[in-house]
Number of protein chains: 2
Amino acid sequence: MAKPDNTTRQRILDAALDIIEAQGMKALTQPKIAKATGLRQSHLTYYFPRKADLFIALLDASHSRAAGQTPADASSVEAMLSTLVFDRGRMRFLLAILLEIDDDRELQAVLHAHLAHLVRVVATRLGRPAEDAAVQSFVDELRGIGLRHLSDPAPGERPSVAAVANRHGISLTT
Amino acid sequence: MAKPDNTTRQRILDAALDIIEAQGMKALTQPKIAKATGLRQSHLTYYFPRKADLFIALLDASHSRAAGQTPADASSVEAMLSTLVFDRGRMRFLLAILLEIDDDRELQAVLHAHLAHLVRVVATRLGRPAEDAAVQSFVDELRGIGLRHLSDPAPGERPSVAAVANRHGISLTT
DNA sequence: ATAATTAGTTGGTAGACTACCAAGAAAATT
DNA sequence: AATTTTCTTGGTAGTCTACCAACTAATTAT
């Protein structure tokens, strides 16, 4: 089902995620990844010809990593969305990808599918139809809030995800 | 009231806006601005020591430019928000700034104020109190949709701003 | 088994770009 | 007229992405 372990490729992705987590998006450079993995810089572009390719690959990689840490019960949907949207690192990650893929249709499609998938997952976990318009607009608003949150020089408490949900006729307490 | 014309500085900002409009955010580089204005590259960093400084300055500059073209009647709020959020260039502009200012509190504050101001303007134009929570969440959701729109490889028609407004109990037809 | 093809790896380089700096020119103050 | 401040220049240091030609290891085919 999953690709063969492909150790080298995976090592790159892991190192990249570590760097992002520890030093942020702007610090994610080929030299740093090379150092962390012991590979040559030029070698990295063999696996990921353009930086955008790496970014897109990281999309799934980070998802996998997160999946390994989070229990899949419905009660954690709120927490999941909260970090997804209010964690500055996470948000910047998304924005960076969005900017990097620029006008590349192919990569856009991958990202778009990824985002759509997330909405379906949330909807399902909330016991709603997979293509629920309310869930979509709920998540949309969350992302908008997250965007604004990102520019807040002194962010206080994280906004309540549940309150936003209510606004869209969604109850998080199953 | 306004700063003195400061021609050089303004010339830089104008050239920068032109480049962004014509070639997108990624094409906005010091060499290109230098060429367009006839200034030396090193000179640009005299006016804007860091790239983020230029970005922030562009925030107001683009606002001014847009103000000169748009009539200020209420009926155009919809159109204004539509381009603001669904125009890929505009959206990328915001994201680029967000990423570039990173953790600089000072610049974050400027951007944050800018975003807050926009909401107040929208609220006022809609005949609502300046600090209207509904308008805020309305704009938030729009931005979230805009974000998603940006990753759509084959964007169809722009979503209806009015429909989103209704969802937040806001009517655009004054 | 061995030849041939494909996948992975290396070192080096080209091309951009931001940021900085020392020194000189122009403008404004005193 | 002298001095201080602002503006301008040319040059450089340091990063980074992307590319490429050559080499090696691993697969696949004969």
# chains A, B, ... in the order shown; residues from 1 in each chain; ligands from 1
$ interface_residues --of "chain C" --to "chain A" --cutoff "10 Å" --atoms "only C-alpha atoms (C1' of nucleotides)" --output "compact mmCIF listing (two decimals) with N, CA and C atoms (P, O5', C5', C4', C3', O3' and C1' of nucleotides), in the first residue's frame"
# COMPACT_ATOMS: atom_id res chain seq x y z
P DG C 8 16.64 5.34 -6.79
O5' DG C 8 18.16 5.66 -6.44
C5' DG C 8 18.91 4.66 -5.75
C4' DG C 8 20.34 5.13 -5.61
C3' DG C 8 20.52 6.39 -4.76
O3' DG C 8 21.51 6.08 -3.79
C1' DG C 8 21.69 6.59 -6.79
P DT C 9 21.81 7.07 -2.58
O5' DT C 9 23.09 7.83 -3.11
C5' DT C 9 24.26 7.08 -3.42
C4' DT C 9 25.35 7.99 -3.95
C3' DT C 9 25.50 9.33 -3.23
O3' DT C 9 26.73 9.29 -2.52
C1' DT C 9 25.73 9.54 -5.60
P DT C 10 27.24 10.46 -1.61
O5' DT C 10 28.16 11.24 -2.63
C5' DT C 10 29.23 10.55 -3.26
C4' DT C 10 29.96 11.46 -4.23
C3' DT C 10 30.27 12.86 -3.69
O3' DT C 10 31.67 12.96 -3.49
C1' DT C 10 29.45 12.92 -5.95
P DG C 11 32.26 14.09 -2.55
O5' DG C 11 32.62 15.19 -3.64
C5' DG C 11 33.50 14.84 -4.70
C4' DG C 11 33.52 15.94 -5.74
C3' DG C 11 33.75 17.35 -5.17
O3' DG C 11 34.80 17.96 -5.90
C1' DG C 11 31.81 17.31 -6.56
P DG C 12 35.35 19.40 -5.63
O5' DG C 12 34.79 20.21 -6.89
C5' DG C 12 34.53 19.51 -8.11
C4' DG C 12 33.76 20.41 -9.05
C3' DG C 12 33.90 21.91 -8.75
O3' DG C 12 34.16 22.60 -9.96
C1' DG C 12 31.62 21.32 -8.87
$ residues_around --residues "Ala16 (chain B)" --least-positions-apart "4" --cutoff "8 Å" --atoms "only C-alpha atoms (C1' of nucleotides)" --output "list in words"
Ile12, Ile20, Leu28, Ile33 and Leu58 of chain B
$ select_by_dssp --residues "region 33-95 of chain B" --states "alpha helix (DSSP H)" --output "PyMOL selection string"
chain B and resi 33-37+41-47+51-69+77-86+88-95
$ write_last_selection --atoms "N, CA and C atoms" --output "compact mmCIF listing (two decimals), in the first residue's frame"
# COMPACT_ATOMS: atom_id res chain seq x y z
N ILE B 33 13.55 45.91 -9.23
CA ILE B 33 13.14 47.25 -8.85
C ILE B 33 14.20 48.26 -9.25
N ALA B 34 15.45 47.89 -9.03
CA ALA B 34 16.55 48.77 -9.38
C ALA B 34 16.51 49.13 -10.86
N LYS B 35 16.33 48.11 -11.65
CA LYS B 35 16.30 48.33 -13.09
C LYS B 35 15.12 49.24 -13.47
N ALA B 36 13.98 48.96 -12.88
CA ALA B 36 12.78 49.72 -13.23
C ALA B 36 12.87 51.19 -12.81
N THR B 37 13.59 51.44 -11.75
CA THR B 37 13.65 52.81 -11.24
C THR B 37 14.93 53.53 -11.65
N GLN B 41 20.96 48.82 -6.77
CA GLN B 41 20.39 47.83 -5.86
C GLN B 41 20.69 48.15 -4.41
N SER B 42 21.92 48.51 -4.17
CA SER B 42 22.30 48.78 -2.78
C SER B 42 21.55 49.98 -2.23
N HIS B 43 21.13 50.82 -3.13
CA HIS B 43 20.40 52.00 -2.71
C HIS B 43 19.03 51.63 -2.14
N LEU B 44 18.48 50.59 -2.68
CA LEU B 44 17.16 50.16 -2.24
C LEU B 44 17.17 49.75 -0.78
N THR B 45 18.24 49.12 -0.37
CA THR B 45 18.28 48.67 1.02
C THR B 45 18.52 49.87 1.95
N TYR B 46 18.86 51.00 1.36
CA TYR B 46 18.95 52.20 2.19
C TYR B 46 17.54 52.63 2.62
N TYR B 47 16.63 52.55 1.69
CA TYR B 47 15.26 52.94 2.01
C TYR B 47 14.51 51.83 2.75
N LYS B 51 13.77 43.17 3.41
CA LYS B 51 12.70 42.97 2.44
C LYS B 51 11.33 43.14 3.11
N ALA B 52 11.26 42.70 4.34
CA ALA B 52 10.00 42.81 5.06
C ALA B 52 9.57 44.27 5.20
N ASP B 53 10.55 45.17 5.33
CA ASP B 53 10.22 46.59 5.45
C ASP B 53 9.54 47.09 4.18
N LEU B 54 10.06 46.66 3.07
CA LEU B 54 9.43 47.03 1.80
C LEU B 54 8.01 46.49 1.73
N PHE B 55 7.87 45.24 2.11
CA PHE B 55 6.55 44.61 2.05
C PHE B 55 5.52 45.39 2.87
N ILE B 56 5.92 45.73 4.05
CA ILE B 56 5.00 46.45 4.91
C ILE B 56 4.65 47.81 4.32
N ALA B 57 5.65 48.46 3.77
CA ALA B 57 5.39 49.76 3.15
C ALA B 57 4.44 49.60 1.97
N LEU B 58 4.56 48.49 1.28
CA LEU B 58 3.71 48.24 0.12
C LEU B 58 2.25 48.08 0.52
N LEU B 59 2.07 47.67 1.75
CA LEU B 59 0.72 47.46 2.25
C LEU B 59 -0.09 48.74 2.09
N ASP B 60 0.45 49.85 2.58
CA ASP B 60 -0.25 51.12 2.45
C ASP B 60 -0.23 51.63 1.02
N ALA B 61 0.90 51.42 0.38
CA ALA B 61 1.03 51.91 -1.00
C ALA B 61 -0.03 51.29 -1.89
N SER B 62 -0.23 50.01 -1.75
CA SER B 62 -1.21 49.35 -2.61
C SER B 62 -2.61 49.81 -2.24
N HIS B 63 -2.78 50.07 -0.96
CA HIS B 63 -4.06 50.58 -0.50
C HIS B 63 -4.35 51.93 -1.14
N SER B 64 -3.37 52.80 -1.13
CA SER B 64 -3.54 54.11 -1.72
C SER B 64 -3.85 54.00 -3.20
N ARG B 65 -3.09 53.16 -3.87
CA ARG B 65 -3.29 53.02 -5.30
C ARG B 65 -4.71 52.54 -5.59
N ALA B 66 -5.14 51.54 -4.84
CA ALA B 66 -6.48 51.00 -5.04
C ALA B 66 -7.54 52.05 -4.75
N ALA B 67 -7.27 52.86 -3.71
CA ALA B 67 -8.25 53.88 -3.33
C ALA B 67 -8.47 54.88 -4.45
N GLY B 68 -7.42 55.13 -5.22
CA GLY B 68 -7.55 56.08 -6.30
C GLY B 68 -8.42 55.57 -7.45
N GLN B 69 -8.63 54.28 -7.48
CA GLN B 69 -9.37 53.70 -8.60
C GLN B 69 -10.80 53.32 -8.27
N VAL B 77 -18.48 47.37 -2.05
CA VAL B 77 -17.85 46.58 -1.00
C VAL B 77 -17.71 45.14 -1.45
N GLU B 78 -18.75 44.65 -2.05
CA GLU B 78 -18.72 43.27 -2.51
C GLU B 78 -17.58 43.05 -3.50
N ALA B 79 -17.51 43.93 -4.49
CA ALA B 79 -16.46 43.79 -5.49
C ALA B 79 -15.08 43.91 -4.85
N MET B 80 -14.97 44.84 -3.94
CA MET B 80 -13.69 45.05 -3.27
C MET B 80 -13.25 43.79 -2.52
N LEU B 81 -14.16 43.25 -1.77
CA LEU B 81 -13.81 42.04 -1.02
C LEU B 81 -13.52 40.88 -1.96
N SER B 82 -14.26 40.83 -3.03
CA SER B 82 -14.07 39.74 -3.98
C SER B 82 -12.66 39.74 -4.56
N THR B 83 -12.21 40.90 -5.02
CA THR B 83 -10.84 40.93 -5.55
C THR B 83 -9.82 40.74 -4.44
N LEU B 84 -10.10 41.35 -3.31
CA LEU B 84 -9.16 41.25 -2.21
C LEU B 84 -8.85 39.81 -1.85
N VAL B 85 -9.86 38.98 -1.98
CA VAL B 85 -9.74 37.62 -1.46
C VAL B 85 -9.60 36.57 -2.56
N PHE B 86 -10.18 36.84 -3.71
CA PHE B 86 -10.14 35.83 -4.76
C PHE B 86 -9.16 36.13 -5.86
N ARG B 88 -5.75 36.08 -7.06
CA ARG B 88 -4.60 35.31 -6.59
C ARG B 88 -3.43 36.21 -6.22
N GLY B 89 -3.21 37.21 -7.05
CA GLY B 89 -2.10 38.11 -6.78
C GLY B 89 -2.23 38.78 -5.42
N ARG B 90 -3.43 39.30 -5.17
CA ARG B 90 -3.68 39.97 -3.90
C ARG B 90 -3.48 39.01 -2.72
N MET B 91 -4.00 37.85 -2.87
CA MET B 91 -3.89 36.88 -1.77
C MET B 91 -2.44 36.50 -1.53
N ARG B 92 -1.73 36.25 -2.62
CA ARG B 92 -0.32 35.89 -2.46
C ARG B 92 0.46 37.02 -1.82
N PHE B 93 0.06 38.21 -2.14
CA PHE B 93 0.70 39.39 -1.56
C PHE B 93 0.60 39.32 -0.04
N LEU B 94 -0.60 39.08 0.44
CA LEU B 94 -0.80 38.98 1.88
C LEU B 94 0.02 37.84 2.49
N LEU B 95 -0.04 36.69 1.85
CA LEU B 95 0.69 35.54 2.39
C LEU B 95 2.19 35.80 2.43
$ closest_atom_pairs --of "chain A" --to "chain B" --cutoff "7 Å" --atoms "only C-alpha atoms" --output "CSV"
residue,atom,partner,partner_atom,distance
A:Arg92,CA,B:Leu99,CA,6.6
A:Leu95,CA,B:Leu95,CA,6.2
A:Leu98,CA,B:Ser151,CA,6.8
A:Leu99,CA,B:Arg92,CA,6.6
A:Arg105,CA,B:Pro153,CA,5.1
A:Gln108,CA,B:Ser151,CA,5.1
A:Ala109,CA,B:Pro153,CA,5.5
A:Leu111,CA,B:Ser151,CA,6.4
A:His112,CA,B:Ser151,CA,5.3
A:Ser137,CA,B:Glu141,CA,6.9
A:Asp140,CA,B:Gly144,CA,4.2
A:Glu141,CA,B:Glu141,CA,3.7
A:Arg143,CA,B:Gly144,CA,4.9
A:Gly144,CA,B:Gly144,CA,4.2
A:Ile145,CA,B:Asp140,CA,5.5
A:Ser151,CA,B:Gln108,CA,5.1
A:Asp152,CA,B:His112,CA,5.8
A:Pro153,CA,B:Arg105,CA,5.1
$ write_last_selection --atoms "N, CA and C atoms" --output "PDB file, in the first residue's frame"
ATOM      1  N   ARG A  92       2.185  28.655   8.918  1.00  0.00           N
ATOM      2  CA  ARG A  92       3.224  29.137   8.008  1.00  0.00           C
ATOM      3  C   ARG A  92       3.606  28.060   7.014  1.00  0.00           C
ATOM      4  N   LEU A  95       1.099  28.241   4.264  1.00  0.00           N
ATOM      5  CA  LEU A  95       1.301  29.433   3.447  1.00  0.00           C
ATOM      6  C   LEU A  95       2.535  29.304   2.560  1.00  0.00           C
ATOM      7  N   LEU A  98       1.748  27.152  -0.333  1.00  0.00           N
ATOM      8  CA  LEU A  98       0.872  27.890  -1.245  1.00  0.00           C
ATOM      9  C   LEU A  98       1.679  28.846  -2.120  1.00  0.00           C
ATOM     10  N   LEU A  99       2.623  29.525  -1.504  1.00  0.00           N
ATOM     11  CA  LEU A  99       3.417  30.478  -2.267  1.00  0.00           C
ATOM     12  C   LEU A  99       4.412  29.778  -3.177  1.00  0.00           C
ATOM     13  N   ARG A 105       0.157  23.815 -11.763  1.00  0.00           N
ATOM     14  CA  ARG A 105      -1.147  23.164 -11.688  1.00  0.00           C
ATOM     15  C   ARG A 105      -1.097  21.810 -10.996  1.00  0.00           C
ATOM     16  N   GLN A 108      -0.612  22.201  -7.371  1.00  0.00           N
ATOM     17  CA  GLN A 108      -1.843  22.783  -6.832  1.00  0.00           C
ATOM     18  C   GLN A 108      -2.885  21.700  -6.612  1.00  0.00           C
ATOM     19  N   ALA A 109      -2.988  20.829  -7.583  1.00  0.00           N
ATOM     20  CA  ALA A 109      -3.985  19.761  -7.492  1.00  0.00           C
ATOM     21  C   ALA A 109      -3.727  18.880  -6.278  1.00  0.00           C
ATOM     22  N   LEU A 111      -2.160  19.672  -3.503  1.00  0.00           N
ATOM     23  CA  LEU A 111      -2.500  20.420  -2.293  1.00  0.00           C
ATOM     24  C   LEU A 111      -4.012  20.553  -2.135  1.00  0.00           C
ATOM     25  N   HIS A 112      -4.667  20.846  -3.232  1.00  0.00           N
ATOM     26  CA  HIS A 112      -6.107  21.025  -3.190  1.00  0.00           C
ATOM     27  C   HIS A 112      -6.791  19.748  -2.705  1.00  0.00           C
ATOM     28  N   SER A 137     -17.396  25.430   5.342  1.00  0.00           N
ATOM     29  CA  SER A 137     -17.334  26.849   5.696  1.00  0.00           C
ATOM     30  C   SER A 137     -16.782  27.034   7.108  1.00  0.00           C
ATOM     31  N   ASP A 140     -13.130  26.799   6.655  1.00  0.00           N
ATOM     32  CA  ASP A 140     -12.706  28.027   5.983  1.00  0.00           C
ATOM     33  C   ASP A 140     -12.548  29.162   6.984  1.00  0.00           C
ATOM     34  N   GLU A 141     -13.580  29.348   7.784  1.00  0.00           N
ATOM     35  CA  GLU A 141     -13.506  30.447   8.737  1.00  0.00           C
ATOM     36  C   GLU A 141     -12.348  30.252   9.706  1.00  0.00           C
ATOM     37  N   ARG A 143      -9.559  28.841   9.146  1.00  0.00           N
ATOM     38  CA  ARG A 143      -8.300  29.204   8.483  1.00  0.00           C
ATOM     39  C   ARG A 143      -8.161  30.711   8.386  1.00  0.00           C
ATOM     40  N   GLY A 144      -9.260  31.381   8.117  1.00  0.00           N
ATOM     41  CA  GLY A 144      -9.204  32.837   8.069  1.00  0.00           C
ATOM     42  C   GLY A 144      -8.792  33.416   9.407  1.00  0.00           C
ATOM     43  N   ILE A 145      -9.354  32.862  10.451  1.00  0.00           N
ATOM     44  CA  ILE A 145      -8.982  33.313  11.793  1.00  0.00           C
ATOM     45  C   ILE A 145      -7.505  33.027  12.044  1.00  0.00           C
ATOM     46  N   SER A 151      -0.795  37.263  12.398  1.00  0.00           N
ATOM     47  CA  SER A 151      -0.249  38.620  12.383  1.00  0.00           C
ATOM     48  C   SER A 151      -0.414  39.300  13.736  1.00  0.00           C
ATOM     49  N   ASP A 152      -0.938  38.573  14.679  1.00  0.00           N
ATOM     50  CA  ASP A 152      -1.122  39.158  16.000  1.00  0.00           C
ATOM     51  C   ASP A 152       0.196  39.159  16.758  1.00  0.00           C
ATOM     52  N   PRO A 153       0.723  40.340  17.045  1.00  0.00           N
ATOM     53  CA  PRO A 153       2.029  40.406  17.699  1.00  0.00           C
ATOM     54  C   PRO A 153       1.996  39.886  19.128  1.00  0.00           C
TER      55      PRO A 153
END
$ atom_distance --atom1 "CA of His117 (chain B)" --atom2 "CA of Thr173 (chain B)"
21.8 Å
$ interface_residues --of "chain D" --to "chain B" --cutoff "10 Å" --atoms "only C-alpha atoms (C1' of nucleotides)" --output "list of chain:residue names"
D:DC7, D:DT8, D:DT9, D:DG10, D:DG11
$ residues_around --residues "DT5 (chain D)" --least-positions-apart "3" --cutoff "9 Å" --atoms "only C-alpha atoms (C1' of nucleotides)" --output "list in words"
DA27, DA28 and DT29 of chain C
$ residues_around --residues "DT6 (chain C)" --least-positions-apart "3" --cutoff "10 Å" --atoms "only C-alpha atoms (C1' of nucleotides)" --output "PyMOL selection string"
chain D and resi 26-28
$ write_last_selection --atoms "C-alpha atoms (C1' of nucleotides)" --output "tab-separated table (two decimals), in the first residue's frame"
chain	number	residue	atom	x	y	z
D	26	DA	C1'	22.15	-2.05	-8.04
D	27	DT	C1'	18.73	-4.26	-11.31
D	28	DT	C1'	17.28	-6.41	-15.13
$ residues_around --residues "region 13-23 of chain C" --least-positions-apart "6" --cutoff "10 Å" --atoms "only C-alpha atoms (C1' of nucleotides)" --output "PyMOL selection string"
(chain B and resi 29-31+42+45+49-51) or (chain D and resi 9-20)
$ atom_distance --atom1 "CA of Ala15 (chain A)" --atom2 "CA of Arg120 (chain A)"
29.2 Å
$ atom_distance --atom1 "CA of Asn166 (chain A)" --atom2 "CA of Arg128 (chain B)"
22.5 Å
$ residues_around --residues "Ala123 (chain B)" --least-positions-apart "5" --cutoff "8 Å" --atoms "only C-alpha atoms (C1' of nucleotides)" --output "short mmCIF file (atom, residue, chain, number, x, y, z; two decimals) with C-alpha atoms, in the first residue's frame"
data_model
loop_
_atom_site.label_atom_id
_atom_site.label_comp_id
_atom_site.auth_asym_id
_atom_site.auth_seq_id
_atom_site.Cartn_x
_atom_site.Cartn_y
_atom_site.Cartn_z
CA ARG B 128 -22.75 48.46 10.99
CA PRO B 129 -20.84 49.27 14.15
CA ALA B 130 -17.11 49.48 13.54
CA GLU B 131 -16.34 46.57 15.84
CA ASP B 132 -18.94 44.17 14.59
CA VAL B 135 -18.30 41.36 9.99
#
